[in-house]
>>> print(open('data13.csv').read())   # CSV, C-alpha atoms and all ligand atoms
chain,number,residue,atom,x,y,z
A,1,MET,CA,-62.1,-0.6,4.6
A,2,SER,CA,-60.3,2.7,5.2
A,3,ASP,CA,-59.5,4.9,2.2
A,4,LYS,CA,-55.8,4.5,2.7
A,5,ASN,CA,-56.0,0.8,1.9
A,6,ILE,CA,-57.5,1.6,-1.5
A,7,VAL,CA,-54.9,1.5,-4.3
A,8,LEU,CA,-57.2,2.0,-7.3
A,9,ASN,CA,-60.6,3.8,-7.1
A,10,VAL,CA,-62.8,3.9,-10.2
A,11,ASN,CA,-65.7,6.1,-9.4
A,12,GLY,CA,-68.8,6.3,-11.7
A,13,ILE,CA,-67.0,6.4,-15.0
A,14,GLU,CA,-68.7,6.8,-18.4
A,15,VAL,CA,-67.0,5.9,-21.6
A,16,ILE,CA,-68.0,6.9,-25.1
A,17,TYR,CA,-66.4,5.7,-28.3
A,18,ASN,CA,-66.4,7.8,-31.4
A,19,HIS,CA,-68.2,10.6,-29.6
A,20,VAL,CA,-71.5,8.8,-29.8
A,21,ILE,CA,-71.3,5.1,-28.7
A,22,LEU,CA,-72.0,5.0,-24.9
A,23,VAL,CA,-70.4,1.8,-23.6
A,24,LEU,CA,-69.9,2.3,-19.9
A,25,LYS,CA,-72.2,4.2,-17.6
A,26,GLY,CA,-71.6,4.6,-13.8
A,27,VAL,CA,-68.9,1.9,-13.5
A,28,SER,CA,-67.3,1.9,-10.0
A,29,LEU,CA,-64.8,-0.5,-8.5
A,30,GLN,CA,-62.1,-0.4,-5.8
A,31,VAL,CA,-58.9,-2.4,-5.6
A,32,PRO,CA,-57.5,-2.7,-2.1
A,33,GLU,CA,-53.9,-3.1,-1.2
A,34,GLN,CA,-52.8,-6.7,-1.9
A,35,GLY,CA,-56.3,-7.4,-3.3
A,36,ILE,CA,-57.4,-9.2,-6.5
A,37,VAL,CA,-60.6,-7.9,-8.1
A,38,SER,CA,-62.2,-9.8,-11.0
A,39,LEU,CA,-64.5,-8.2,-13.6
A,40,LEU,CA,-67.0,-10.7,-14.9
A,41,GLY,CA,-69.4,-10.2,-17.7
A,42,GLY,CA,-70.6,-11.5,-21.1
A,43,ASN,CA,-69.0,-10.6,-24.4
A,44,GLY,CA,-69.3,-6.9,-25.1
A,45,ALA,CA,-70.2,-6.1,-21.4
A,46,GLY,CA,-67.3,-3.6,-21.2
A,47,LYS,CA,-64.5,-5.4,-19.3
A,48,THR,CA,-61.8,-4.4,-21.8
A,49,THR,CA,-63.1,-0.9,-22.0
A,50,THR,CA,-62.9,-0.5,-18.3
A,51,LEU,CA,-59.3,-1.7,-18.2
A,52,ARG,CA,-58.5,0.6,-21.2
A,53,ALA,CA,-60.0,3.5,-19.3
A,54,ILE,CA,-57.8,2.9,-16.2
A,55,SER,CA,-54.6,2.5,-18.2
A,56,ASN,CA,-55.6,5.4,-20.5
A,57,LEU,CA,-55.4,3.3,-23.7
A,58,LEU,CA,-58.8,4.5,-25.0
A,59,LYS,CA,-57.5,7.3,-27.2
A,60,GLY,CA,-56.1,4.9,-29.7
A,61,GLU,CA,-59.6,3.4,-30.0
A,62,ARG,CA,-61.3,6.9,-30.3
A,63,GLY,CA,-62.7,6.4,-26.8
A,64,ASP,CA,-63.1,9.0,-24.0
A,65,VAL,CA,-63.9,8.9,-20.3
A,66,THR,CA,-66.6,11.5,-20.2
A,67,LYS,CA,-67.8,11.3,-16.6
A,68,GLY,CA,-66.5,10.1,-13.2
A,69,SER,CA,-62.9,9.8,-11.9
A,70,ILE,CA,-60.1,7.3,-11.6
A,71,GLU,CA,-57.7,7.6,-8.7
A,72,LEU,CA,-54.4,5.8,-7.9
A,73,ARG,CA,-53.7,6.1,-4.1
A,74,GLY,CA,-56.0,9.2,-4.0
A,75,GLU,CA,-54.4,11.0,-7.0
A,76,ARG,CA,-56.5,11.5,-10.2
A,77,ILE,CA,-54.9,9.7,-13.1
A,78,GLU,CA,-57.3,10.1,-16.0
A,79,ASN,CA,-55.1,12.7,-17.7
A,80,LEU,CA,-51.8,10.7,-17.4
A,81,THR,CA,-50.3,9.1,-20.4
A,82,PRO,CA,-50.0,5.3,-20.5
A,83,ALA,CA,-46.2,5.8,-20.2
A,84,ASP,CA,-46.7,7.9,-17.0
A,85,LEU,CA,-48.9,5.2,-15.6
A,86,VAL,CA,-46.3,2.5,-16.2
A,87,ASN,CA,-43.8,4.7,-14.4
A,88,ARG,CA,-46.3,4.9,-11.5
A,89,GLY,CA,-46.6,1.1,-11.4
A,90,VAL,CA,-49.8,0.6,-13.4
A,91,VAL,CA,-49.3,-1.9,-16.1
A,92,GLN,CA,-51.8,-3.7,-18.4
A,93,VAL,CA,-51.5,-7.1,-20.0
A,94,MET,CA,-53.8,-6.7,-23.1
A,95,GLU,CA,-56.1,-9.3,-24.4
A,96,GLY,CA,-54.4,-11.4,-27.0
A,97,ARG,CA,-50.8,-11.8,-25.9
A,98,HIS,CA,-49.0,-9.2,-28.0
A,99,CYS,CA,-45.5,-10.5,-27.7
A,100,PHE,CA,-42.7,-9.2,-29.9
A,101,ALA,CA,-42.7,-12.0,-32.5
A,102,HIS,CA,-39.1,-11.6,-33.6
A,103,LEU,CA,-37.5,-11.4,-30.1
A,104,SER,CA,-36.6,-14.3,-27.9
A,105,ILE,CA,-38.7,-15.0,-24.9
A,106,GLU,CA,-36.0,-13.5,-22.6
A,107,ASP,CA,-35.6,-10.4,-24.7
A,108,ASN,CA,-39.4,-10.0,-24.6
A,109,LEU,CA,-39.3,-10.2,-20.8
A,110,LEU,CA,-36.4,-7.7,-20.6
A,111,THR,CA,-38.4,-5.1,-22.6
A,112,GLY,CA,-40.6,-4.9,-19.6
A,113,SER,CA,-37.7,-3.6,-17.5
A,114,TYR,CA,-36.7,-1.0,-20.0
A,115,THR,CA,-38.0,2.0,-18.1
A,116,ARG,CA,-36.9,0.8,-14.7
A,117,LYS,CA,-34.4,2.9,-12.7
A,118,ASP,CA,-33.4,0.1,-10.3
A,119,LYS,CA,-31.4,-1.8,-13.0
A,120,GLY,CA,-29.6,-3.8,-10.3
A,121,GLU,CA,-32.9,-5.6,-9.4
A,122,ILE,CA,-33.7,-6.7,-12.9
A,123,ALA,CA,-31.8,-10.1,-12.8
A,124,ALA,CA,-33.6,-11.0,-9.5
A,125,ASN,CA,-36.9,-10.0,-11.1
A,126,LEU,CA,-36.2,-12.2,-14.1
A,127,ASP,CA,-35.5,-15.2,-11.8
A,128,LYS,CA,-38.8,-14.5,-10.1
A,129,VAL,CA,-40.7,-14.6,-13.4
A,130,TYR,CA,-38.9,-17.9,-14.3
A,131,THR,CA,-40.0,-19.3,-10.9
A,132,TYR,CA,-43.6,-18.4,-11.6
A,133,PHE,CA,-43.4,-19.7,-15.2
A,134,PRO,CA,-40.7,-22.4,-15.4
A,135,ARG,CA,-41.8,-23.1,-19.0
A,136,LEU,CA,-40.5,-19.6,-20.0
A,137,LYS,CA,-37.0,-20.6,-18.6
A,138,THR,CA,-37.0,-23.7,-20.8
A,139,ARG,CA,-38.0,-21.5,-23.8
A,140,ARG,CA,-35.9,-18.5,-23.0
A,141,THR,CA,-33.8,-18.5,-26.2
A,142,SER,CA,-36.7,-19.3,-28.5
A,143,GLN,CA,-38.2,-16.7,-30.8
A,144,ALA,CA,-41.6,-15.8,-29.4
A,145,ALA,CA,-43.3,-16.4,-32.7
A,146,TYR,CA,-42.4,-20.1,-32.5
A,147,THR,CA,-43.7,-20.6,-29.0
A,148,SER,CA,-47.2,-21.9,-28.1
A,149,GLY,CA,-50.2,-19.7,-27.4
A,150,GLY,CA,-50.0,-20.4,-23.6
A,151,GLU,CA,-46.2,-19.7,-23.6
A,152,GLN,CA,-46.9,-16.4,-25.3
A,153,GLN,CA,-49.5,-15.6,-22.7
A,154,MET,CA,-47.0,-16.4,-19.9
A,155,CYS,CA,-44.5,-14.2,-21.7
A,156,ALA,CA,-46.9,-11.3,-21.9
A,157,ILE,CA,-47.7,-11.6,-18.1
A,158,GLY,CA,-44.0,-12.1,-17.3
A,159,ARG,CA,-43.1,-9.0,-19.3
A,160,ALA,CA,-45.6,-6.9,-17.3
A,161,LEU,CA,-44.2,-8.4,-14.0
A,162,MET,CA,-40.7,-7.2,-15.2
A,163,THR,CA,-41.9,-3.6,-14.8
A,164,ASN,CA,-42.2,-4.4,-11.1
A,165,PRO,CA,-45.8,-3.1,-11.0
A,166,SER,CA,-47.9,-2.1,-8.1
A,167,VAL,CA,-51.2,-2.6,-10.0
A,168,MET,CA,-51.6,-5.2,-12.8
A,169,LEU,CA,-54.5,-5.1,-15.1
A,170,LEU,CA,-55.0,-8.4,-16.8
A,171,ASP,CA,-57.4,-8.8,-19.7
A,172,GLU,CA,-58.5,-12.4,-20.2
A,173,PRO,CA,-55.4,-13.7,-18.3
A,174,SER,CA,-56.4,-17.3,-18.4
A,175,MET,CA,-56.6,-17.4,-22.2
A,176,GLY,CA,-54.6,-20.5,-23.3
A,177,LEU,CA,-53.1,-21.0,-19.8
A,178,ALA,CA,-53.2,-24.1,-17.7
A,179,LEU,CA,-54.8,-23.3,-14.3
A,180,ARG,CA,-51.7,-24.2,-12.4
A,181,SER,CA,-49.6,-21.6,-14.2
A,182,LEU,CA,-52.0,-18.8,-13.2
A,183,LYS,CA,-52.3,-20.1,-9.7
A,184,ARG,CA,-48.6,-20.1,-9.2
A,185,CYS,CA,-48.3,-16.5,-10.4
A,186,SER,CA,-51.3,-15.1,-8.5
A,187,THR,CA,-50.5,-16.7,-5.1
A,188,SER,CA,-46.9,-15.7,-5.2
A,189,SER,CA,-47.0,-12.2,-6.6
A,190,LYS,CA,-49.3,-10.5,-4.1
A,191,THR,CA,-47.1,-7.8,-2.7
B,1,LIG,N1,-63.0,0.8,-30.5
B,1,LIG,C1,-64.3,0.7,-30.4
B,1,LIG,N2,-65.2,1.5,-31.0
B,1,LIG,C2,-66.5,1.4,-30.9
B,1,LIG,N3,-67.1,0.5,-30.0
B,1,LIG,C3,-66.3,-0.3,-29.3
B,1,LIG,C4,-64.9,-0.3,-29.5
B,1,LIG,N4,-64.4,-1.2,-28.7
B,1,LIG,C5,-65.4,-1.8,-28.1
B,1,LIG,N5,-66.6,-1.3,-28.5
B,1,LIG,C6,-67.9,-1.7,-28.0
B,1,LIG,O1,-68.0,-1.5,-26.6
B,1,LIG,C7,-68.7,-2.6,-26.0
B,1,LIG,C8,-67.8,-3.2,-24.9
B,1,LIG,O2,-66.7,-3.8,-25.5
B,1,LIG,P1,-65.5,-4.5,-24.7
B,1,LIG,O3,-64.5,-4.9,-25.6
B,1,LIG,O4,-65.2,-3.5,-23.6
B,1,LIG,O5,-66.3,-5.7,-24.0
B,1,LIG,P2,-65.7,-7.0,-23.2
B,1,LIG,O6,-66.5,-7.1,-22.0
B,1,LIG,O7,-64.2,-6.9,-23.1
B,1,LIG,O8,-66.0,-8.2,-24.2
B,1,LIG,P3,-65.3,-9.6,-24.5
B,1,LIG,O9,-65.6,-10.5,-23.4
B,1,LIG,O10,-65.9,-10.1,-25.8
B,1,LIG,O11,-63.8,-9.3,-24.6
B,1,LIG,C9,-69.1,-3.6,-27.1
B,1,LIG,O12,-70.4,-3.3,-27.5
B,1,LIG,C10,-68.2,-3.2,-28.3
B,1,LIG,O13,-68.8,-3.4,-29.5
B,2,MG,MG,-62.6,-8.0,-23.8
>>> encode(input="data13.csv", output="structure tokens")
Amino acid sequence: MSDKNIVLNVNGIEVIYNHVILVLKGVSLQVPEQGIVSLLGGNGAGKTTTLRAISNLLKGERGDVTKGSIELRGERIENLTPADLVNRGVVQVMEGRHCFAHLSIEDNLLTGSYTRKDKGEIAANLDKVYTYFPRLKTRRTSQAAYTSGGEQQMCAIGRALMTNPSVMLLDEPSMGLALRSLKRCSTSSKT
């Protein structure tokens, strides 16, 4: 595979929490254009930590990348803020849904498009999310707090899709979701 087909390149990273707890050592992975890469491992193996390192969400957990490099299309991204990364198309769906409980499903989805500059495309993007997850369309006016766990997971994934991302990092995406919901999303959103 040539280097120009690599979108995300994680090269030998080490992550330490609280300056002393070594959690990742020499972790490398590459995500090719239009590719899906799965991280498998037991509880505590370091999957969430790897994703947090890529989207630079470690600081809030007192974690640091102390070795190695992370590149997005050849450009080093370890020092970019999570907001910068979203602007560059890297978006993470965190483990555990994290919907805005008091907002409706549709308003939750629209928060994902808040930073977009192509405002004219948002309605079409929303339709696309409703095509992936018809259940969200049915529940669009419901307050997220009163929707089911699986519906909230669809909402969290849908909100990330509303940023029009080029790289999506999904932590435990299947949690609470029927397989057909995930399949519909992963087969139709490879761009
Ligand atoms: N904020 C933190 N401070 C200190 N140690 C942490 C922190 N977060 C995670 N760890 C430790 O890092 C290791 C990896 O945790 P991580 O959450 O990355 O695993 P995981 O593979 O996502 O596990 P799971 O399948 O249970 O979600 C664990 O030993 C965990 O105790
Ligand atoms: Mg985890």
>>> atom_distance(input="data13.csv", atom1="CA of Gln92 (chain A)", atom2="CA of Asp64 (chain A)")
17.9 Å
>>> atom_distance(input="data13.csv", atom1="atom P3 of ligand LIG 1 (chain B)", atom2="CA of Val91 (chain A)")
19.6 Å
>>> residues_around(input="data13.csv", residues="Asn87 (chain A)", least_positions_apart="3", cutoff="8 Å", atoms="only C-alpha atoms", output="PyMOL selection string")
chain A and resi 83-84+90+115-116
>>> atom_distance(input="data13.csv", atom1="atom P3 of ligand LIG 1 (chain B)", atom2="CA of Met94 (chain A)")
11.9 Å
>>> closest_residue(input="data13.csv", among="A:Ala45, A:Ile70, A:Val65, A:Leu136", to="ligand LIG 1 (chain B)", atoms="only C-alpha atoms and all ligand atoms")
A:Ala45
>>> closest_residue(input="data13.csv", among="A:Glu33, A:Glu61, A:Glu151, A:Glu95", to="ligand LIG 1 (chain B)", atoms="only C-alpha atoms and all ligand atoms")
A:Glu61
>>> residues_near_ligand(input="data13.csv", ligand="ligand LIG 1 (chain B)", cutoff="7 Å", atoms="only C-alpha atoms and all ligand atoms", output="list of chain:residue names")
A:Tyr17, A:Asn18, A:Ile21, A:Val23, A:Gly41, A:Gly42, A:Asn43, A:Gly44, A:Ala45, A:Gly46, A:Lys47, A:Thr48, A:Thr49, A:Thr50, A:Glu61, A:Arg62, A:Gly63
>>> build_atoms(input="data13.csv", residues="region 36-56 of chain A", atoms="N, CA and C atoms", output="CSV table (one decimal), in the frame of the given file")
chain,number,residue,atom,x,y,z
A,36,ILE,N,-57.1,-8.8,-5.1
A,36,ILE,CA,-57.4,-9.2,-6.5
A,36,ILE,C,-58.9,-9.0,-6.7
A,37,VAL,N,-59.2,-8.2,-7.7
A,37,VAL,CA,-60.6,-7.9,-8.1
A,37,VAL,C,-60.8,-8.4,-9.5
A,38,SER,N,-61.9,-9.2,-9.7
A,38,SER,CA,-62.2,-9.8,-11.0
A,38,SER,C,-63.4,-9.1,-11.6
A,39,LEU,N,-63.3,-8.8,-12.9
A,39,LEU,CA,-64.5,-8.2,-13.6
A,39,LEU,C,-65.1,-9.3,-14.4
A,40,LEU,N,-66.3,-9.6,-14.1
A,40,LEU,CA,-67.0,-10.7,-14.9
A,40,LEU,C,-68.1,-10.1,-15.7
A,41,GLY,N,-68.3,-10.7,-16.9
A,41,GLY,CA,-69.4,-10.2,-17.7
A,41,GLY,C,-69.4,-10.9,-19.1
A,42,GLY,N,-70.5,-10.9,-19.8
A,42,GLY,CA,-70.6,-11.5,-21.1
A,42,GLY,C,-69.8,-10.7,-22.1
A,43,ASN,N,-69.7,-11.3,-23.3
A,43,ASN,CA,-69.0,-10.6,-24.4
A,43,ASN,C,-69.6,-9.3,-24.7
A,44,GLY,N,-68.8,-8.3,-24.8
A,44,GLY,CA,-69.3,-6.9,-25.1
A,44,GLY,C,-69.8,-6.2,-23.8
A,45,ALA,N,-69.7,-6.8,-22.7
A,45,ALA,CA,-70.2,-6.1,-21.4
A,45,ALA,C,-69.4,-4.9,-21.1
A,46,GLY,N,-68.1,-4.8,-21.5
A,46,GLY,CA,-67.3,-3.6,-21.2
A,46,GLY,C,-66.1,-3.8,-20.3
A,47,LYS,N,-65.7,-5.0,-20.2
A,47,LYS,CA,-64.5,-5.4,-19.3
A,47,LYS,C,-63.3,-4.7,-19.9
A,48,THR,N,-63.0,-5.0,-21.2
A,48,THR,CA,-61.8,-4.4,-21.8
A,48,THR,C,-61.8,-2.9,-21.8
A,49,THR,N,-63.0,-2.3,-22.0
A,49,THR,CA,-63.1,-0.9,-22.0
A,49,THR,C,-62.8,-0.3,-20.7
A,50,THR,N,-63.2,-1.0,-19.6
A,50,THR,CA,-62.9,-0.5,-18.3
A,50,THR,C,-61.4,-0.5,-18.0
A,51,LEU,N,-60.8,-1.6,-18.4
A,51,LEU,CA,-59.3,-1.7,-18.2
A,51,LEU,C,-58.6,-0.6,-19.1
A,52,ARG,N,-59.1,-0.4,-20.3
A,52,ARG,CA,-58.5,0.6,-21.2
A,52,ARG,C,-58.6,2.0,-20.6
A,53,ALA,N,-59.8,2.2,-19.9
A,53,ALA,CA,-60.0,3.5,-19.3
A,53,ALA,C,-59.0,3.7,-18.2
A,54,ILE,N,-58.7,2.7,-17.4
A,54,ILE,CA,-57.8,2.9,-16.2
A,54,ILE,C,-56.4,3.1,-16.7
A,55,SER,N,-56.0,2.4,-17.8
A,55,SER,CA,-54.6,2.5,-18.2
A,55,SER,C,-54.5,3.5,-19.3
A,56,ASN,N,-55.5,4.3,-19.6
A,56,ASN,CA,-55.6,5.4,-20.5
A,56,ASN,C,-55.2,4.9,-21.9
